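Source file coords-v9.cif; content: mmCIF, C-alpha atoms and all ligand atoms.
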data_work
#
loop_
_atom_site.label_atom_id
_atom_site.label_comp_id
_atom_site.auth_asym_id
_atom_site.auth_seq_id
_atom_site.Cartn_x
_atom_site.Cartn_y
_atom_site.Cartn_z
CA MET B 1 0.00 0.00 0.00
CA ARG B 2 1.18 3.57 -0.73
CA ILE B 3 -0.36 6.31 1.35
CA PRO B 4 0.43 9.92 0.43
CA PHE B 5 0.76 12.56 3.12
CA ASN B 6 -2.16 14.45 1.55
CA ASP B 7 -4.45 14.04 -1.46
CA LEU B 8 -5.78 17.31 -2.86
CA ALA B 9 -6.69 15.87 -6.28
CA THR B 10 -9.54 13.52 -5.30
CA PRO B 11 -11.91 16.18 -3.82
CA HIS B 12 -11.33 18.38 -6.90
CA ALA B 13 -12.33 15.72 -9.42
CA SER B 14 -16.06 16.12 -8.73
CA ILE B 15 -16.07 19.95 -8.96
CA VAL B 16 -13.65 20.66 -11.79
CA GLU B 17 -16.28 20.86 -14.57
CA GLU B 18 -18.46 23.23 -12.55
CA VAL B 19 -15.49 25.46 -11.78
CA VAL B 20 -14.28 25.50 -15.39
CA ALA B 21 -17.74 26.64 -16.52
CA GLU B 22 -17.44 29.57 -14.12
CA VAL B 23 -13.93 30.38 -15.34
CA ARG B 24 -15.47 30.78 -18.81
CA ALA B 25 -18.09 33.13 -17.37
CA VAL B 26 -15.42 35.28 -15.67
CA ALA B 27 -13.41 35.37 -18.90
CA ALA B 28 -16.53 36.60 -20.69
CA ASN B 29 -17.55 39.28 -18.18
CA SER B 30 -13.91 40.32 -17.45
CA ARG B 31 -14.55 40.95 -13.73
CA PHE B 32 -11.16 39.55 -12.79
CA ILE B 33 -10.41 41.65 -9.69
CA GLY B 34 -13.15 42.10 -7.09
CA GLY B 35 -16.67 41.98 -8.49
CA PRO B 36 -19.60 39.67 -7.72
CA ALA B 37 -17.62 36.44 -7.14
CA VAL B 38 -15.39 38.07 -4.50
CA GLU B 39 -18.33 39.83 -2.83
CA ALA B 40 -20.41 36.67 -2.70
CA PHE B 41 -17.51 34.66 -1.27
CA GLU B 42 -16.83 37.31 1.37
CA GLN B 43 -20.45 37.25 2.51
CA GLU B 44 -20.60 33.47 2.61
CA PHE B 45 -17.28 33.14 4.44
CA ALA B 46 -18.29 35.76 7.04
CA ALA B 47 -21.51 33.80 7.65
CA PHE B 48 -19.51 30.55 7.95
CA CYS B 49 -17.25 32.22 10.56
CA ASN B 50 -20.21 33.76 12.38
CA THR B 51 -18.85 37.29 11.88
CA ALA B 52 -20.36 40.39 10.28
CA HIS B 53 -17.59 41.02 7.74
CA ALA B 54 -14.95 39.21 5.70
CA VAL B 55 -12.30 40.91 3.58
CA GLY B 56 -10.56 38.83 0.92
CA VAL B 57 -6.80 39.41 0.62
CA ALA B 58 -3.93 37.87 -1.32
CA ASN B 59 -2.77 35.33 1.30
CA GLY B 60 -2.85 34.44 4.99
CA THR B 61 0.36 36.30 5.82
CA ASP B 62 -0.97 39.58 4.43
CA ALA B 63 -4.21 38.97 6.36
CA ILE B 64 -2.26 39.18 9.64
CA GLU B 65 0.00 42.05 8.55
CA LEU B 66 -2.81 44.23 7.19
CA THR B 67 -4.95 43.61 10.30
CA LEU B 68 -2.12 44.73 12.59
CA ARG B 69 -1.48 47.81 10.41
CA ALA B 70 -5.18 48.68 10.39
CA LEU B 71 -5.15 48.45 14.20
CA GLY B 72 -2.28 50.97 14.29
CA ILE B 73 0.27 48.41 15.47
CA GLY B 74 3.77 48.96 14.09
CA GLY B 75 7.19 50.38 14.97
CA GLY B 76 8.14 50.03 18.65
CA ASP B 77 5.22 47.69 19.39
CA GLU B 78 5.55 44.07 20.49
CA VAL B 79 3.21 41.24 19.54
CA LEU B 80 3.07 37.89 21.38
CA VAL B 81 3.36 34.90 19.03
CA PRO B 82 3.79 31.18 19.83
CA ALA B 83 7.24 29.82 18.98
CA ASN B 84 5.74 26.69 17.37
CA THR B 85 3.92 28.09 14.38
CA PHE B 86 4.51 28.43 10.66
CA ILE B 87 7.02 31.26 10.18
CA ALA B 88 4.38 33.48 8.52
CA THR B 89 2.79 34.35 11.88
CA ALA B 90 6.07 36.00 12.85
CA SER B 91 6.98 37.46 9.46
CA ALA B 92 3.57 39.16 9.23
CA VAL B 93 4.20 40.90 12.58
CA ALA B 94 7.63 42.01 11.37
CA ALA B 95 6.19 43.17 8.03
CA ALA B 96 3.78 45.42 9.96
CA GLY B 97 6.88 47.02 11.55
CA ALA B 98 6.31 45.48 14.99
CA THR B 99 8.47 42.95 16.86
CA PRO B 100 7.30 39.37 17.32
CA ILE B 101 7.93 38.17 20.88
CA PHE B 102 7.97 34.38 20.96
CA VAL B 103 6.31 32.57 23.83
CA ASP B 104 6.21 28.93 24.87
CA VAL B 105 3.16 26.67 24.88
CA ASP B 106 1.36 24.13 27.03
CA PRO B 107 3.19 20.75 26.95
CA GLU B 108 0.00 18.75 26.20
CA SER B 109 -1.98 20.93 23.78
CA LEU B 110 1.05 22.75 22.29
CA LEU B 111 -1.09 25.92 22.38
CA VAL B 112 -0.52 29.25 24.12
CA THR B 113 -2.08 29.75 27.57
CA PRO B 114 -2.39 32.87 29.77
CA GLU B 115 0.64 31.59 31.72
CA THR B 116 2.89 31.18 28.66
CA LEU B 117 1.74 34.55 27.28
CA GLU B 118 2.52 36.25 30.61
CA ALA B 119 6.22 35.39 30.21
CA GLY B 120 6.49 37.52 27.05
CA LEU B 121 4.64 40.55 28.39
CA THR B 122 6.41 43.94 28.54
CA GLU B 123 5.20 47.56 28.62
CA ARG B 124 5.46 47.55 24.81
CA THR B 125 3.12 44.60 24.22
CA ARG B 126 0.12 45.63 22.14
CA ALA B 127 -1.36 42.44 20.71
CA ILE B 128 -1.55 38.64 20.90
CA VAL B 129 -1.68 36.40 17.84
CA PRO B 130 -2.85 33.02 19.19
CA VAL B 131 -2.48 30.27 16.58
CA HIS B 132 -5.11 27.52 16.32
CA LEU B 133 -2.35 25.03 15.51
CA PHE B 134 -3.25 21.83 13.61
CA GLY B 135 -6.90 23.04 13.69
CA HIS B 136 -7.00 22.70 17.50
CA MET B 137 -8.57 25.95 18.60
CA VAL B 138 -7.17 28.01 21.48
CA PRO B 139 -10.31 28.50 23.62
CA PRO B 140 -11.41 32.13 24.01
CA ALA B 141 -11.88 32.54 27.77
CA GLY B 142 -8.29 32.54 29.06
CA VAL B 143 -6.84 34.51 26.15
CA LEU B 144 -9.55 37.19 26.22
CA GLU B 145 -9.32 37.61 29.98
CA PHE B 146 -5.51 37.95 29.73
CA ALA B 147 -5.85 40.44 26.86
CA GLN B 148 -8.39 42.57 28.70
CA ARG B 149 -6.33 42.64 31.88
CA ASN B 150 -3.29 43.84 29.92
CA ASN B 151 -5.05 46.10 27.43
CA LEU B 152 -4.09 44.02 24.37
CA VAL B 153 -5.94 43.18 21.18
CA VAL B 154 -6.34 39.57 20.00
CA VAL B 155 -5.90 38.63 16.33
CA GLU B 156 -6.56 34.90 15.86
CA ASP B 157 -4.29 33.23 13.29
CA SER B 158 -6.91 30.77 12.04
CA ALA B 159 -4.97 29.68 8.93
CA GLN B 160 -5.24 26.03 10.05
CA ALA B 161 -8.69 26.16 11.65
CA HIS B 162 -11.49 26.98 9.18
CA GLY B 163 -14.66 25.85 10.94
CA ALA B 164 -13.21 24.88 14.35
CA ASP B 165 -15.39 25.59 17.39
CA ALA B 166 -14.54 25.98 21.07
CA PRO B 167 -16.72 26.26 24.16
CA ASN B 168 -17.39 29.78 25.37
CA ASP B 169 -16.64 29.32 29.07
CA GLY B 170 -19.60 28.67 31.34
CA SER B 171 -22.44 28.58 28.83
CA GLY B 172 -22.85 25.54 26.60
CA GLU B 173 -22.51 27.79 23.56
CA LYS B 174 -19.64 27.40 21.07
CA VAL B 175 -17.51 30.06 19.42
CA ARG B 176 -16.10 29.69 15.91
CA ALA B 177 -12.40 30.11 15.10
CA GLY B 178 -11.70 33.66 13.98
CA SER B 179 -14.76 35.17 15.67
CA TYR B 180 -13.60 35.92 19.23
CA GLY B 181 -10.64 38.21 18.64
CA VAL B 182 -10.96 41.72 17.26
CA ALA B 183 -10.28 39.89 13.99
CA GLY B 184 -9.49 36.40 12.72
CA THR B 185 -7.16 35.73 9.80
CA PHE B 186 -7.28 32.87 7.31
CA SER B 187 -5.09 31.41 4.58
CA PHE B 188 -6.49 29.66 1.50
CA TYR B 189 -3.15 28.13 0.49
CA PRO B 190 -4.09 24.94 -1.42
CA GLY B 191 -3.23 22.55 1.43
CA LYS B 192 -5.37 24.31 4.06
CA ASN B 193 -8.83 23.00 5.04
CA LEU B 194 -10.29 25.55 2.61
CA GLY B 195 -7.76 25.80 -0.21
CA ALA B 196 -7.79 27.88 -3.40
CA TRP B 197 -6.18 26.91 -6.71
CA GLY B 198 -3.38 29.32 -5.88
CA ASP B 199 -2.91 31.79 -3.03
CA GLY B 200 -5.64 33.58 -1.10
CA GLY B 201 -6.53 34.81 2.38
CA ALA B 202 -9.18 36.64 4.38
CA VAL B 203 -9.76 38.62 7.55
CA VAL B 204 -13.05 38.22 9.41
CA THR B 205 -14.32 40.72 12.00
CA ASP B 206 -17.47 42.22 13.52
CA ASP B 207 -15.91 45.70 13.39
CA ALA B 208 -17.13 47.49 10.24
CA ASP B 209 -14.51 50.27 10.50
CA LEU B 210 -11.67 47.79 10.88
CA ALA B 211 -12.94 45.78 7.88
CA SER B 212 -13.11 48.96 5.82
CA ARG B 213 -9.54 50.02 6.75
CA ILE B 214 -8.16 46.55 5.91
CA ARG B 215 -10.02 46.58 2.58
CA SER B 216 -8.55 49.97 1.78
CA LEU B 217 -4.98 49.02 2.81
CA ALA B 218 -5.22 45.92 0.59
CA ASN B 219 -6.39 48.02 -2.35
CA HIS B 220 -3.75 50.77 -2.70
CA GLY B 221 -5.20 52.72 0.24
CA ARG B 222 -8.22 53.73 -1.83
CA THR B 223 -11.06 55.52 -0.07
CA GLU B 224 -14.01 53.16 -0.41
CA GLY B 225 -16.87 54.37 -2.55
CA THR B 226 -14.95 57.29 -4.07
CA ASP B 227 -13.01 57.93 -7.24
CA HIS B 228 -10.57 55.19 -8.33
CA TYR B 229 -7.63 57.56 -7.75
CA GLU B 230 -8.34 58.85 -4.26
CA HIS B 231 -5.99 57.32 -1.70
CA ARG B 232 -6.63 57.77 1.97
CA TYR B 233 -3.91 55.50 3.32
CA ILE B 234 -0.47 54.36 2.22
CA GLY B 235 -1.72 51.00 1.05
CA ARG B 236 -0.56 48.29 -1.26
CA ASN B 237 -1.97 45.57 -3.47
CA SER B 238 -3.14 42.46 -1.62
CA ARG B 239 -6.45 41.54 -3.23
CA LEU B 240 -8.27 38.25 -3.64
CA ASP B 241 -9.01 37.71 -7.32
CA ALA B 242 -12.28 36.52 -8.85
CA LEU B 243 -10.97 33.16 -10.11
CA GLN B 244 -9.78 32.17 -6.63
CA ALA B 245 -13.00 33.48 -5.05
CA MET B 246 -15.00 31.31 -7.43
CA VAL B 247 -13.05 28.18 -6.51
CA LEU B 248 -13.34 29.08 -2.83
CA ARG B 249 -17.12 29.58 -3.05
CA ARG B 250 -17.57 26.15 -4.57
CA LYS B 251 -15.28 24.53 -1.99
CA LEU B 252 -16.83 26.40 0.95
CA ALA B 253 -20.10 24.62 0.15
CA ASP B 254 -18.34 21.28 0.80
CA LEU B 255 -16.27 22.43 3.82
CA PRO B 256 -18.71 21.55 6.64
CA GLU B 257 -18.97 17.95 5.35
CA ALA B 258 -15.18 17.75 4.79
CA ASN B 259 -14.61 18.85 8.41
CA VAL B 260 -17.06 16.17 9.62
CA GLN B 261 -15.05 13.61 7.63
CA ARG B 262 -11.79 14.93 9.10
CA ARG B 263 -13.21 14.48 12.62
CA ARG B 264 -14.27 10.94 11.76
CA VAL B 265 -10.84 9.99 10.39
CA ALA B 266 -9.21 11.62 13.45
CA SER B 267 -11.32 9.48 15.79
CA VAL B 268 -10.37 6.30 13.88
CA TYR B 269 -6.72 7.34 14.21
CA ALA B 270 -7.14 8.17 17.92
CA GLU B 271 -8.42 4.66 18.64
CA ALA B 272 -5.74 2.92 16.56
CA LEU B 273 -2.91 5.00 18.07
CA ALA B 274 -4.22 4.51 21.62
CA ALA B 275 -4.16 0.73 21.04
CA HIS B 276 -0.43 1.07 20.31
CA GLY B 277 0.19 3.59 23.14
CA ILE B 278 1.29 6.35 20.73
CA PRO B 279 0.49 9.90 21.95
CA LEU B 280 -1.64 12.03 19.61
CA VAL B 281 -1.62 15.85 19.87
CA SER B 282 -5.31 16.34 20.70
CA PRO B 283 -7.66 19.30 20.99
CA LEU B 284 -8.58 20.58 24.47
CA PRO B 285 -11.79 19.15 26.02
CA GLY B 286 -14.95 20.44 24.35
CA VAL B 287 -13.12 21.81 21.28
CA ASP B 288 -14.36 20.65 17.86
CA SER B 289 -11.05 20.80 16.01
CA ALA B 290 -10.85 21.47 12.28
CA TRP B 291 -8.16 18.70 12.25
CA HIS B 292 -5.91 20.38 9.70
CA LEU B 293 -3.10 17.96 10.59
CA LEU B 294 -2.85 14.68 12.49
CA VAL B 295 0.25 14.96 14.68
CA VAL B 296 1.80 12.35 16.95
CA ARG B 297 4.85 12.55 19.21
CA VAL B 298 7.55 9.92 18.77
CA PRO B 299 11.09 9.54 20.05
CA GLY B 300 13.67 8.99 17.29
CA ARG B 301 11.45 10.89 14.90
CA GLU B 302 13.83 11.07 11.93
CA ALA B 303 14.56 7.32 11.99
CA VAL B 304 10.82 6.57 12.31
CA ARG B 305 10.13 8.84 9.34
CA GLY B 306 12.68 6.96 7.29
CA LEU B 307 11.05 3.59 8.06
CA LEU B 308 7.57 4.92 7.24
CA ASN B 309 8.89 6.28 3.97
CA GLU B 310 10.22 2.80 3.14
CA ALA B 311 6.71 1.42 3.84
CA GLY B 312 5.27 3.88 1.30
CA ILE B 313 3.82 6.24 3.93
CA GLY B 314 4.24 9.99 3.41
CA THR B 315 4.81 12.17 6.48
CA GLY B 316 5.59 15.80 7.36
CA VAL B 317 6.96 17.80 10.30
CA HIS B 318 5.12 20.97 11.36
CA TYR B 319 7.55 22.47 12.21
CA PRO B 320 11.12 21.14 12.62
CA VAL B 321 12.68 24.41 13.91
CA PRO B 322 10.69 26.71 16.21
CA CYS B 323 10.50 30.32 15.01
CA HIS B 324 12.70 31.76 17.77
CA ARG B 325 15.53 29.40 16.68
CA GLN B 326 15.33 30.38 13.01
CA LEU B 327 18.38 32.34 11.80
CA ALA B 328 16.16 35.21 10.69
CA TYR B 329 14.89 35.78 14.25
CA LEU B 330 17.95 34.91 16.38
CA THR B 331 19.05 37.77 18.64
CA ASP B 332 21.28 37.99 21.70
CA ARG B 333 18.05 37.96 23.72
CA THR B 334 16.56 34.82 22.11
CA PRO B 335 14.78 33.06 25.00
CA ASP B 336 14.84 29.35 25.88
CA LEU B 337 11.38 27.97 25.18
CA PRO B 338 11.84 24.36 26.28
CA VAL B 339 8.35 23.01 25.52
CA ALA B 340 8.35 24.22 21.92
CA GLU B 341 11.97 23.13 21.44
CA ARG B 342 11.36 19.60 22.74
CA ALA B 343 8.12 19.24 20.75
CA ALA B 344 9.94 20.23 17.55
CA THR B 345 12.17 17.14 17.90
CA GLU B 346 9.25 14.72 18.48
CA ILE B 347 6.27 15.82 16.39
CA LEU B 348 5.38 13.86 13.28
CA SER B 349 2.45 14.64 10.95
CA LEU B 350 0.84 11.46 9.57
CA PRO B 351 -1.08 11.02 6.29
CA PHE B 352 -4.42 12.74 6.74
CA PHE B 353 -7.25 13.81 4.41
CA PRO B 354 -11.06 13.78 4.69
CA HIS B 355 -11.63 10.74 2.46
CA MET B 356 -8.93 8.56 4.07
CA ARG B 357 -10.17 4.99 4.53
CA ASP B 358 -10.12 3.01 7.79
CA ASP B 359 -7.78 0.36 6.34
CA GLU B 360 -5.34 3.12 5.35
CA VAL B 361 -5.40 4.51 8.90
CA ALA B 362 -4.84 1.00 10.30
CA TYR B 363 -1.90 0.47 7.92
CA VAL B 364 -0.26 3.73 9.04
CA ALA B 365 -0.82 3.01 12.76
CA GLU B 366 0.60 -0.53 12.48
CA ASN B 367 3.67 0.58 10.55
CA LEU B 368 4.23 3.46 12.95
CA ALA B 369 4.11 1.13 15.96
CA LYS B 370 6.52 -1.26 14.19
CA ALA B 371 8.89 1.62 13.36
CA ILE B 372 8.87 2.94 16.93
CA ALA B 373 9.66 -0.57 18.23
CA THR B 374 12.57 -0.87 15.74
CA VAL B 375 14.43 2.41 16.37
C1 LIG N 401 -0.40 28.84 6.16
C2 LIG N 401 -0.22 29.64 7.39
C3 LIG N 401 -0.03 31.03 7.36
C4 LIG N 401 0.26 31.79 6.08
O1 LIG N 401 -0.64 31.71 5.09
P1 LIG N 401 -0.17 32.00 3.55
O2 LIG N 401 -1.49 32.00 2.84
O3 LIG N 401 0.72 30.89 3.15
O4 LIG N 401 0.48 33.33 3.54
C5 LIG N 401 0.01 31.73 8.54
N1 LIG N 401 -0.11 31.10 9.72
C6 LIG N 401 -0.26 29.76 9.82
C7 LIG N 401 -0.39 29.14 11.17
C8 LIG N 401 -0.31 28.99 8.66
O5 LIG N 401 -0.45 27.66 8.77
#

For the structure just supplied, provide its representation as structure tokens.
Ligand SMILES: *Cc1c(COP(=O)(O)O)cnc(C)c1O
Amino acid sequence: MRIPFNDLATPHASIVEEVVAEVRAVAANSRFIGGPAVEAFEQEFAAFCNTAHAVGVANGTDAIELTLRALGIGGGDEVLVPANTFIATASAVAAAGATPIFVDVDPESLLVTPETLEAGLTERTRAIVPVHLFGHMVPPAGVLEFAQRNNLVVVEDSAQAHGADAPNDGSGEKVRAGSYGVAGTFSFYPGKNLGAWGDGGAVVTDDADLASRIRSLANHGRTEGTDHYEHRYIGRNSRLDALQAMVLRRKLADLPEANVQRRRVASVYAEALAAHGIPLVSPLPGVDSAWHLLVVRVPGREAVRGLLNEAGIGTGVHYPVPCHRQLAYLTDRTPDLPVAERAATEILSLPFFPHMRDDEVAYVAENLAKAIATV
């Protein structure tokens, strides 16, 4: 058996004809930038995220950067970021002119907590960018309480968590990823839970003024609703185009079912891994993860990877070097963040996609157990 790390082709097979028909329509009406496809997608994505507004942008990194800029965060400001995230969380903060301050995470969930955030706090801290890593959402209560107490804004990096839900402390009610901070940012990179056929991103928020400023910054600083050549801000070009919006609209319709399938496959994995005593990085109690990735922790990770590769099983590591240890971010004040550093040596992302079959999961779990016993 050969099991790829991911399979993006299969879910596209059933929609390709529909999408191509719409490509023809866009080619005919020539509304390539903005226009009805982008507007419709923005409305549908805002509704999906349970927020009032969504602004399409060029990618998930720009979504974070432009949100911070629109909030007036820049030079001299510090932003708290987990050390164990994709580098873009940090580079977006730096691109806004602010300084990313890396913090450690909880040893079980690998997510930020009020305690780990506290360690990075200074009088310059202005914002927190919690990352819903692997689709496992950082619950709102602790982060919001910490932010309020320290007068910080929260921008949720939801690039891996389209459609995740977490309990809103106390009440039985759930809160969707991206909807509890002042804004939530998303990436539509092809491999994400909602992936375009190219790059794309979005910011969701309930704040109409913030949405309008982000939209303007992403569109050459244009004043909305005025002449094409009136520029209110020093902006740039970071727009979502109509072809990507069209693909995203079609795929958004299938996303709730795909997330249900991801949760099903994750539960099959959880049972198989538990039978072999292999620890799975799991969401916190009550969280409905978007299960972007299926991550286990294994000693001798590189040797195990090699054996799985020989058995035809594709794997990944998200991420092998924590951000604060990357050359680009090393300073003489680089902190020790032992939880993130240790996790980086042990984490292993297994093959995972919504239509993965039970026998494929069993094959991976058995070969993983065999590999761990061998090394
Ligand atoms: C993918 C990703 C991003 C960046 O998104 P791009 O669309 O690639 O710019 C940011 N943060 C996290 C956690 C991601 O996984």

Listing only residues of chain B within 9 Å of ligand LIG 401 (chain N), what is the closest atom pair and its distance in Å (to one decimal) for each, using only C-alpha atoms and all ligand atoms, sorted by chain and residue number ascending, as a tab-separated table?
residue	atom	partner	partner_atom	distance
B:Ala58	CA	N:LIG401	O2	7.6
B:Asn59	CA	N:LIG401	O2	3.9
B:Gly60	CA	N:LIG401	O1	3.5
B:Thr61	CA	N:LIG401	O4	3.7
B:Asp62	CA	N:LIG401	O4	6.5
B:Ala63	CA	N:LIG401	O4	7.9
B:Ile64	CA	N:LIG401	C5	7.9
B:Thr85	CA	N:LIG401	C7	5.5
B:Phe86	CA	N:LIG401	C7	5.0
B:Ile87	CA	N:LIG401	N1	7.1
B:Ala88	CA	N:LIG401	C5	4.7
B:Thr89	CA	N:LIG401	N1	4.9
B:Ala90	CA	N:LIG401	N1	8.5
B:Ala92	CA	N:LIG401	C5	8.3
B:Val131	CA	N:LIG401	C7	5.9
B:His132	CA	N:LIG401	C7	7.2
B:Leu133	CA	N:LIG401	C7	6.3
B:Phe134	CA	N:LIG401	O5	8.1
B:Asp157	CA	N:LIG401	N1	5.9
B:Ser158	CA	N:LIG401	C7	6.8
B:Ala159	CA	N:LIG401	C8	4.7
B:Gln160	CA	N:LIG401	O5	5.2
B:Ala161	CA	N:LIG401	C7	8.8
B:Thr185	CA	N:LIG401	C5	8.3
B:Phe186	CA	N:LIG401	O1	7.1
B:Ser187	CA	N:LIG401	O2	4.0
B:Phe188	CA	N:LIG401	O2	5.7
B:Tyr189	CA	N:LIG401	O2	4.8
B:Pro190	CA	N:LIG401	O2	8.6
B:Gly191	CA	N:LIG401	C1	8.4
B:Lys192	CA	N:LIG401	C1	7.0
B:Asp199	CA	N:LIG401	O2	6.0
B:Gly200	CA	N:LIG401	O2	5.9
B:Gly201	CA	N:LIG401	O2	5.8

Given all atoms listed in the file as the counted atoms, nearest of B:Leu330, B:Ala27, B:Leu368, B:Leu80 to Arg297 (chain B) |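 Comparing B:Leu330, B:Ala27, B:Leu368, B:Leu80 against Arg297 (chain B), the winner is B:Leu368.
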
Give the answer as one residue: which of B:Leu117, B:Val155, B:Ala369, B:Val57 has the shortest atom-to-atom distance to Pro279 (chain B), using all atoms listed in the file?
->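 Selected residue with least distance to Pro279 (chain B): B:Ala369.
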
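Take the candidates B:Pro256, B:Gly170, B:Gly184, B:Gly142 and check each one against Glu65 (chain B) using all atoms listed in the file; the shortest distance goes to B:Gly184.
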
Write out as a VMD selection string the residues lying within 12 Å of Val268 (chain B), counting only C-alpha atoms and excluding same-chain residues fewer than 6 positions away.
-> chain B and resid 261 to 262 274 to 275 280 294 352 354 356 to 365

Dump as a PDB file, in the frame of the given file, selection limited to C-alpha atoms:
ATOM      1  CA  GLN B 261     -15.050  13.610   7.630  1.00  0.00           C
ATOM      2  CA  ARG B 262     -11.790  14.930   9.100  1.00  0.00           C
ATOM      3  CA  ALA B 274      -4.220   4.510  21.620  1.00  0.00           C
ATOM      4  CA  ALA B 275      -4.160   0.730  21.040  1.00  0.00           C
ATOM      5  CA  LEU B 280      -1.640  12.030  19.610  1.00  0.00           C
ATOM      6  CA  LEU B 294      -2.850  14.680  12.490  1.00  0.00           C
ATOM      7  CA  PHE B 352      -4.420  12.740   6.740  1.00  0.00           C
ATOM      8  CA  PRO B 354     -11.060  13.780   4.690  1.00  0.00           C
ATOM      9  CA  MET B 356      -8.930   8.560   4.070  1.00  0.00           C
ATOM     10  CA  ARG B 357     -10.170   4.990   4.530  1.00  0.00           C
ATOM     11  CA  ASP B 358     -10.120   3.010   7.790  1.00  0.00           C
ATOM     12  CA  ASP B 359      -7.780   0.360   6.340  1.00  0.00           C
ATOM     13  CA  GLU B 360      -5.340   3.120   5.350  1.00  0.00           C
ATOM     14  CA  VAL B 361      -5.400   4.510   8.900  1.00  0.00           C
ATOM     15  CA  ALA B 362      -4.840   1.000  10.300  1.00  0.00           C
ATOM     16  CA  TYR B 363      -1.900   0.470   7.920  1.00  0.00           C
ATOM     17  CA  VAL B 364      -0.260   3.730   9.040  1.00  0.00           C
ATOM     18  CA  ALA B 365      -0.820   3.010  12.760  1.00  0.00           C
TER      19      ALA B 365
END

Taking all atoms listed in the file into account, which of B:Asn150, B:Ser212, B:Thr125, B:Ser109 comes nearest Gly76 (chain B)?
-> B:Thr125

Go ahead and compute the interatomic distance for CA of Pro130 (chain B) and CA of Ser349 (chain B), in Å to one decimal.
->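 According to the coordinates, CA of Pro130 (chain B) and CA of Ser349 (chain B) are separated by 20.8 Å.
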
For Ala40 (chain B), which of B:Met137, B:Val55, B:Ala147, B:Val112 is the closest residue, counting only C-alpha atoms?
->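 Of all the options, B:Val55 lies closest to Ala40 (chain B).
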
His220 (chain B): which residues within 9 Å, counting only C-alpha atoms, same-chain residues fewer than 4 positions away excluded, as a PyMOL selection string?
-> chain B and resi 216+231-238

Reconstruct N, CA, C and O atoms of region 189-199 of chain B from the incomplete input and present them as a compact mmCIF listing (two decimals), in the frame of the given file.
# COMPACT_ATOMS: atom_id res chain seq x y z
N TYR B 189 -4.21 28.92 1.14
CA TYR B 189 -3.15 28.13 0.49
C TYR B 189 -3.75 26.75 0.17
O TYR B 189 -4.56 26.23 0.94
N PRO B 190 -3.39 26.16 -0.98
CA PRO B 190 -4.09 24.94 -1.42
C PRO B 190 -4.20 23.82 -0.38
O PRO B 190 -5.20 23.11 -0.35
N GLY B 191 -3.20 23.65 0.46
CA GLY B 191 -3.23 22.55 1.43
C GLY B 191 -4.07 22.81 2.66
O GLY B 191 -4.25 21.91 3.49
N LYS B 192 -4.58 24.02 2.85
CA LYS B 192 -5.37 24.31 4.06
C LYS B 192 -6.75 23.65 3.97
O LYS B 192 -7.15 23.21 2.89
N ASN B 193 -7.50 23.65 5.06
CA ASN B 193 -8.83 23.00 5.04
C ASN B 193 -9.73 23.60 3.96
O ASN B 193 -10.53 22.89 3.38
N LEU B 194 -9.63 24.91 3.75
CA LEU B 194 -10.29 25.55 2.61
C LEU B 194 -9.17 26.11 1.74
O LEU B 194 -8.55 27.11 2.09
N GLY B 195 -8.91 25.44 0.62
CA GLY B 195 -7.76 25.80 -0.21
C GLY B 195 -8.19 26.29 -1.58
O GLY B 195 -9.09 25.72 -2.20
N ALA B 196 -7.53 27.34 -2.05
CA ALA B 196 -7.79 27.88 -3.40
C ALA B 196 -6.97 27.08 -4.41
O ALA B 196 -6.29 26.11 -4.06
N TRP B 197 -7.03 27.49 -5.66
CA TRP B 197 -6.18 26.91 -6.71
C TRP B 197 -5.05 27.91 -6.96
O TRP B 197 -4.80 28.34 -8.09
N GLY B 198 -4.42 28.30 -5.88
CA GLY B 198 -3.38 29.32 -5.88
C GLY B 198 -3.36 29.90 -4.48
O GLY B 198 -3.76 29.22 -3.53
N ASP B 199 -2.94 31.16 -4.34
CA ASP B 199 -2.91 31.79 -3.03
C ASP B 199 -4.17 32.59 -2.77
O ASP B 199 -4.82 33.08 -3.71
